[in-house]
Each structure stands twice: as structure tokens, then as C-alpha cells.
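Working notes for the structure below.
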Amino acid sequence: MRLAVDVMGGDQGPAELLHGVRLGLAADESIRELQVVGPEATLRSLAREAGLTDSRVSFLNADEVLTMEDDPALAVRRKKGSSLMRALELLREQGTDAVISSGNTGALVAGATVRVGRLEGIQRPSLACIMPSRTGAFVLLDGGANPDCTPEILLQFAVMGSVYFRAMLGVENPRVGVLSNGTEESKGNDLTRGALALIRKTRLNCVGYSEGSDLFKGTVEVGVCDGFVGNLILKAVEGLGRTVGHLLRTELTANPVRKVGALLASGGLRRIKERMNPETYGGAPVLGLRGSVVKIHGSAGRLALKYAILQSARAVNQRLNDEIVREVALAETAAGTA
């Protein structure tokens with residue numbers, strides 16, 4: 001198995017992510033080669049400083065970087081020599097199985113769609129975001145790649161999310177919910193009503209409409225929505241998490257008594273922090289592409305990259321894309337959309 005990692009474009013810089021490469025390789029012996037993409041001379045020096053001496057590591061030079069400020073559509077055309085685009089070229093042409101990047105999300109999805117291509121029968125690739133719930137985790141898709149969708153596209157998202165959750169998180173028959181403004185059949189809009197009708201014709205474990213709060217209660221494993229709604233949910237959750245963290249730090253250090261209480265509760269608080277840490281989930285896979293593409297957060301550090309490497313390797317070993325093509329075809333036949 002060959003992986004490629006674009007270590008440029010993230011907030012913490014390539015030095016931090018090279019530590020993640022070291023940790024990921026140490027944890028998975030099935031990886032035959034890992035290509036690090038970026039300015040080669042600089043990366044070789046940083047790799048030595050990080051203790052990255054694994055013989056499976058190679059470097060692909062790319063002096064140009066796609067930044068978060070770049071317009072995705074323009075950047076894909078004008079920055080073909082960037083580290084992100086060079087990594088995607090490896091996936092398309094040179095037998096690389098998976099690409100991981102912390103760079104511009106829009107450019108990654110657009111570039112992968114154009115350069116790598118979609119799986120047979122897939123209309124749109126989907127950004128699948130894994131988040132914690134009371135009972136474990138759930139996957140939300142689409143996380144922002146497709147703001148405008150049709151019911152047929154949401155059906156494909158539901159199938160891809162179910163296949164991913166079953167293969168990667170070990171739940172045999174994950175529950176699928178269509179995100180709506182209420183659980184009653186009268187709620188929703190033309191998009192959600194059409195998608196729900198199609199999904200119910202398939203063998204997916206559909207529980208009907210789900211409200212946003214249902215995701216975190218653990219009542220569904222796969223939340224389906226268009227990218228506009230999905231991105232709003234992600235940004236709201238991110239902001240809420242930071243606010244809760246700020247409030248806890250403020251209140252638990254407000255006086256000596258509270259500090260003692262915080263000390264006594266430190267074990268539980270540490271465990272909550274671990275369960276809520278997005279880095280332990282790796283990254284957000286872009287499902288529906290000819291190859292494995294994983295986006296890690298722009299602020300991700302070494303642990304996030306380590307788990308993204310393990311996540312990518314497992315997806316390749318599980319032949320996830322073969323299963324997606326098969327299950328989407330079966331679902332569309334059942335729904336009458338084939």
C-alpha cells in the first residue's frame with residue numbers, strides 16, 4: 001500500500017505533521033511507502049529533526065502551496081504545481097492508494113473530483129465528518145462539499161455513509177436519519193421529503209427524519225443532509241465546543257474552592273476531553289472518489305495525522321470503494337433511480 005501526505009497548508013506547519021507521519025508509520029506495518037509532498041530540501045531537514053528515519057518514507061518536491069485564502073476553482077487550474085495537486089496526481093497516475101491533506105478543503109474536493117475522478121455511478125463526492133455522540137460516534141454527510149443537492153444525491157450519501165460506518169466503525173446495520181427541522185412526516189422540504197422516500201425503498205436502516213439534537217444523543221449513526229446544512233452544523237458545533245471549553249476554564253478557576261473541585265474531577269474531565277478530541281477520529285474522508293482522499297483539519301497536529309494515516313490504510317485494506325459502488329447500485333435499483 002502506498003500513501004501520500006500533503007504536509008503544506010496547515011496552521012501548525014510541516015514540522016508538526018512530520019511527527020504525525022513518524023507515528024502513523026510506526027503504528028501500521030502494512031504501509032509499503034509513504035510519500036511526503038512539499039518543498040523537498042526543507043522537508044528532509046525537518047524530517048531529520050523529527051526523528052523520521054523510516055525507510056518507507058520518500059519525498060516529492062512541490063514548491064507551491066495552496067493556502068486557505070485561495071479560491072478553490074482558480075487554484076486547481078493555476079496552481080497545478082502545488083503540494084496538494086501534486087499529491088492528487090500521485091493518486092491518479094502512479095499507483096498511490098490514498099492522499100491525506102490539511103490544506104484548503106474546497107480545493108481538495110474540487111481537485112480530487114477533476115484529477116482523480118468519481119467512482120462508477122457516483123454523482124457527487126461527499127465530505128463525511130465523524131463526530132462523537134453519547135453512545136460512540138456518528139458520521140455526518142455532506143459536510144460542506146455540495147451545498148446544492150437532489151434527493152438522488154442524498155440517497156447516495158446515505159449509502160456511502162452507511163458503508164463507511166459499517167466498515168470503519170464496526171456497526172453492522174447503522175441507523176440512517178435525514179436531517180430535518182422536526183421528526184414529523186409533515187416537516188422538511190422538497191429535498192428532504194424526496195430523499196426520505198427514496199431511502200425508505202432501500203434496505204438501509206432508515207429511522208426517518210432526525211433533528212440536529214438527535215445526532216449527539218446517539219439515535220443515529222449516519223446523518224444525511226446537503227452540504228449547506230452540514231457545514232452550518234459543523235461550524236456551530238465547533239463554536240459551541242470552544243465556548244464550553246472557555247466557560248469551563250473560567251468557572252473552574254474562579255476561586256480556590258472551585259480549583260480544588262476541578263482537581264478532584266480532573267480524571268473525568270480528562271476522559272471527556274479525550275472523547276471530544278477530534279484528532280482521535282483522524283480526518284474527514286471524501287467518499288465517492290477513485291481512491292481514498294482524507295481531509296484533516298487545518299489546525300490538526302501530529303495525532304490527527306497519525307490517526308488519518310491509520311484510517312486511510314484501513315479504508316484501502318477494507319476495499320471500501322468496491323463496497324460503495326456495489327451498495328449504491330443496489331440501492332438505486334431498489335429506489336428506482338438507476
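Following the order of the C-alpha cells, first chain is A, next is B, and so on, with residues numbered from 1 inside each chain and ligands from 1 in the order they appear.
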- Query: Near range 184-197 of chain A, counting only C-alpha atoms, which residues have an atom at most 8 Å away, once you skip same-chain residues fewer than 3 positions from it, shown as a ChimeraX atom specification?
  - Reply: /A:149-152,154-155,178-181,200-201,208-209,225
- Message: Report as a list of chain:residue names all protein, DNA and RNA residues lying within 10 Å of Gln156 in chain A, evaluated on only C-alpha atoms, omitting residues in the same chain fewer than 5 positions from it.
- Response: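 Everything that qualifies: A:Gly121, A:Ile122, A:Gln123, A:Arg124, A:Pro125, A:Ser126, A:Pro151, A:Gly161, A:Ser162, A:Ala195, A:Ile199, A:Val224, A:Gly288, A:Ile324, A:Val325, A:Glu327, A:Val328, A:Ala329, A:Ala331, A:Glu332.
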Residues near Leu60 in chain A, anyone? I mean within 9 Å using only C-alpha atoms, not counting same-chain ones fewer than 4 positions away, as a compact mmCIF listing (two decimals) with C-alpha atoms, in the first residue's frame.
# COMPACT_ATOMS: atom_id res chain seq x y z
CA GLN A 35 5.35 9.91 0.04
CA VAL A 36 5.64 13.30 1.74
CA VAL A 37 4.79 16.15 -0.61
CA GLY A 38 6.18 19.66 -0.29
CA PRO A 39 9.49 21.56 -0.67
CA GLU A 40 11.88 18.60 -0.60
CA SER A 83 1.76 20.23 -2.93
CA ARG A 86 1.00 17.02 -6.86
CA ALA A 87 -0.31 14.63 -4.20
- Query: Running DSSP on the backbone, which parts of range 114-282 of chain A land in alpha helix (DSSP H), as a VMD selection string?
  - Reply: chain A and resid 114 to 115 151 to 169 190 to 200 212 to 217 227 to 252 256 to 264 266 to 276
- Message: So that I can check the surroundings of Pro174 in chain A, please list as a PyMOL selection string every protein, DNA and RNA residue that reaches within 9 Å of it, counting only C-alpha atoms and ignoring chain neighbours fewer than 5 positions away.
- Response: chain A and resi 161-163+165-166+204-206+220-222
Taking N, CA and C atoms for each residue, export the selection above as a JSON list (two decimals), in the first residue's frame.
[["chain", "number", "residue", "atom", "x", "y", "z"],
["A", 161, "GLY", "N", -22.38, 6.76, 3.50],
["A", 161, "GLY", "CA", -22.19, 6.89, 4.94],
["A", 161, "GLY", "C", -22.39, 5.58, 5.67],
["A", 162, "SER", "N", -23.39, 4.80, 5.25],
["A", 162, "SER", "CA", -23.64, 3.50, 5.88],
["A", 162, "SER", "C", -22.50, 2.52, 5.63],
["A", 163, "VAL", "N", -22.02, 2.49, 4.39],
["A", 163, "VAL", "CA", -20.90, 1.60, 4.06],
["A", 163, "VAL", "C", -19.67, 1.98, 4.87],
["A", 165, "PHE", "N", -19.51, 3.64, 7.77],
["A", 165, "PHE", "CA", -19.67, 3.39, 9.20],
["A", 165, "PHE", "C", -19.55, 1.90, 9.51],
["A", 166, "ARG", "N", -20.12, 1.07, 8.65],
["A", 166, "ARG", "CA", -20.06, -0.37, 8.87],
["A", 166, "ARG", "C", -18.63, -0.88, 8.76],
["A", 204, "LEU", "N", -31.46, 0.06, 3.54],
["A", 204, "LEU", "CA", -30.81, 0.84, 4.59],
["A", 204, "LEU", "C", -31.69, 0.89, 5.83],
["A", 205, "ASN", "N", -31.05, 0.97, 6.99],
["A", 205, "ASN", "CA", -31.76, 1.02, 8.27],
["A", 205, "ASN", "C", -32.21, 2.45, 8.54],
["A", 206, "CYS", "N", -33.24, 2.89, 7.82],
["A", 206, "CYS", "CA", -33.69, 4.28, 7.88],
["A", 206, "CYS", "C", -34.64, 4.49, 9.06],
["A", 220, "VAL", "N", -28.83, 8.00, 15.90],
["A", 220, "VAL", "CA", -28.49, 7.66, 14.51],
["A", 220, "VAL", "C", -26.97, 7.55, 14.40],
["A", 221, "GLU", "N", -26.53, 6.74, 13.45],
["A", 221, "GLU", "CA", -25.10, 6.65, 13.15],
["A", 221, "GLU", "C", -24.74, 7.41, 11.88],
["A", 222, "VAL", "N", -25.71, 7.65, 11.00],
["A", 222, "VAL", "CA", -25.47, 8.34, 9.74],
["A", 222, "VAL", "C", -26.49, 9.47, 9.61]]
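Inside range 73-199 of chain A, the residues DSSP reads as strand (DSSP E or B) when given the backbone are Ser82, Ala98, Val99, Ile100, Ser101, Arg118, Ser126, Leu127, Cys129, Ile130, Met131, Pro132, Ala137, Phe138, Val139, Leu140, Leu141, Arg175, Val176, Gly177, Val178 and Leu179 of chain A.
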Emit the selected residues as a compact mmCIF listing (two decimals), in the first residue's frame, including N, CA, C and O atoms.
# COMPACT_ATOMS: atom_id res chain seq x y z
N SER A 82 1.28 22.85 -6.99
CA SER A 82 1.20 22.93 -5.53
C SER A 82 1.30 21.54 -4.91
O SER A 82 1.10 20.52 -5.58
N ALA A 98 -3.91 6.33 -1.43
CA ALA A 98 -4.64 7.31 -0.61
C ALA A 98 -3.83 8.59 -0.48
O ALA A 98 -2.59 8.57 -0.48
N VAL A 99 -4.55 9.70 -0.35
CA VAL A 99 -3.94 11.02 -0.14
C VAL A 99 -4.56 11.65 1.10
O VAL A 99 -5.78 11.60 1.30
N ILE A 100 -3.71 12.26 1.92
CA ILE A 100 -4.15 12.98 3.11
C ILE A 100 -3.62 14.40 3.02
O ILE A 100 -2.47 14.63 2.65
N SER A 101 -4.48 15.38 3.35
CA SER A 101 -4.06 16.78 3.27
C SER A 101 -4.75 17.59 4.36
O SER A 101 -5.89 17.33 4.73
N ARG A 118 -14.62 10.44 -10.12
CA ARG A 118 -15.59 9.80 -9.23
C ARG A 118 -15.68 8.30 -9.51
O ARG A 118 -15.37 7.84 -10.61
N SER A 126 -18.68 13.19 -1.43
CA SER A 126 -19.22 13.76 -0.20
C SER A 126 -18.16 13.82 0.88
O SER A 126 -17.41 12.86 1.09
N LEU A 127 -18.11 14.94 1.59
CA LEU A 127 -17.23 15.10 2.74
C LEU A 127 -17.93 14.50 3.96
O LEU A 127 -18.96 15.01 4.40
N CYS A 129 -18.00 13.62 7.84
CA CYS A 129 -17.38 14.11 9.07
C CYS A 129 -17.80 13.24 10.25
O CYS A 129 -19.00 13.07 10.51
N ILE A 130 -16.84 12.71 10.98
CA ILE A 130 -17.10 11.84 12.12
C ILE A 130 -17.04 12.66 13.40
O ILE A 130 -16.08 13.39 13.64
N MET A 131 -18.10 12.53 14.22
CA MET A 131 -18.17 13.30 15.46
C MET A 131 -18.67 12.42 16.60
O MET A 131 -19.35 11.42 16.36
N PRO A 132 -18.35 12.78 17.85
CA PRO A 132 -18.76 11.96 18.99
C PRO A 132 -20.23 12.15 19.35
O PRO A 132 -20.80 13.22 19.15
N ALA A 137 -20.14 7.40 18.24
CA ALA A 137 -19.86 8.38 17.19
C ALA A 137 -20.93 8.30 16.11
O ALA A 137 -21.72 7.36 16.06
N PHE A 138 -20.96 9.31 15.26
CA PHE A 138 -21.82 9.31 14.09
C PHE A 138 -21.07 9.97 12.95
O PHE A 138 -20.07 10.66 13.16
N VAL A 139 -21.55 9.74 11.73
CA VAL A 139 -20.94 10.37 10.57
C VAL A 139 -21.99 11.28 9.92
O VAL A 139 -23.14 10.87 9.73
N LEU A 140 -21.59 12.49 9.64
CA LEU A 140 -22.47 13.48 9.01
C LEU A 140 -21.98 13.72 7.59
O LEU A 140 -20.80 13.99 7.36
N LEU A 141 -22.89 13.59 6.63
CA LEU A 141 -22.53 13.88 5.26
C LEU A 141 -23.75 14.37 4.49
O LEU A 141 -24.84 13.86 4.72
N ARG A 175 -27.95 3.07 11.74
CA ARG A 175 -29.21 3.78 11.56
C ARG A 175 -28.97 5.07 10.78
O ARG A 175 -28.06 5.83 11.07
N VAL A 176 -29.84 5.31 9.81
CA VAL A 176 -29.71 6.47 8.91
C VAL A 176 -30.87 7.42 9.16
O VAL A 176 -32.04 7.01 9.16
N GLY A 177 -30.55 8.69 9.37
CA GLY A 177 -31.57 9.71 9.55
C GLY A 177 -31.35 10.86 8.58
O GLY A 177 -30.22 11.28 8.34
N VAL A 178 -32.44 11.36 8.00
CA VAL A 178 -32.38 12.53 7.13
C VAL A 178 -32.57 13.77 8.00
O VAL A 178 -33.58 13.89 8.70
N LEU A 179 -31.62 14.68 7.97
CA LEU A 179 -31.68 15.88 8.82
C LEU A 179 -32.83 16.78 8.39
O LEU A 179 -32.95 17.11 7.20
- Nearby residues (only C-alpha atoms) at most 8 Å from Ser292 in chain A, same-chain spacing under 6 positions excluded, as a ChimeraX atom specification: /A:97-99,285-286,312,315-316
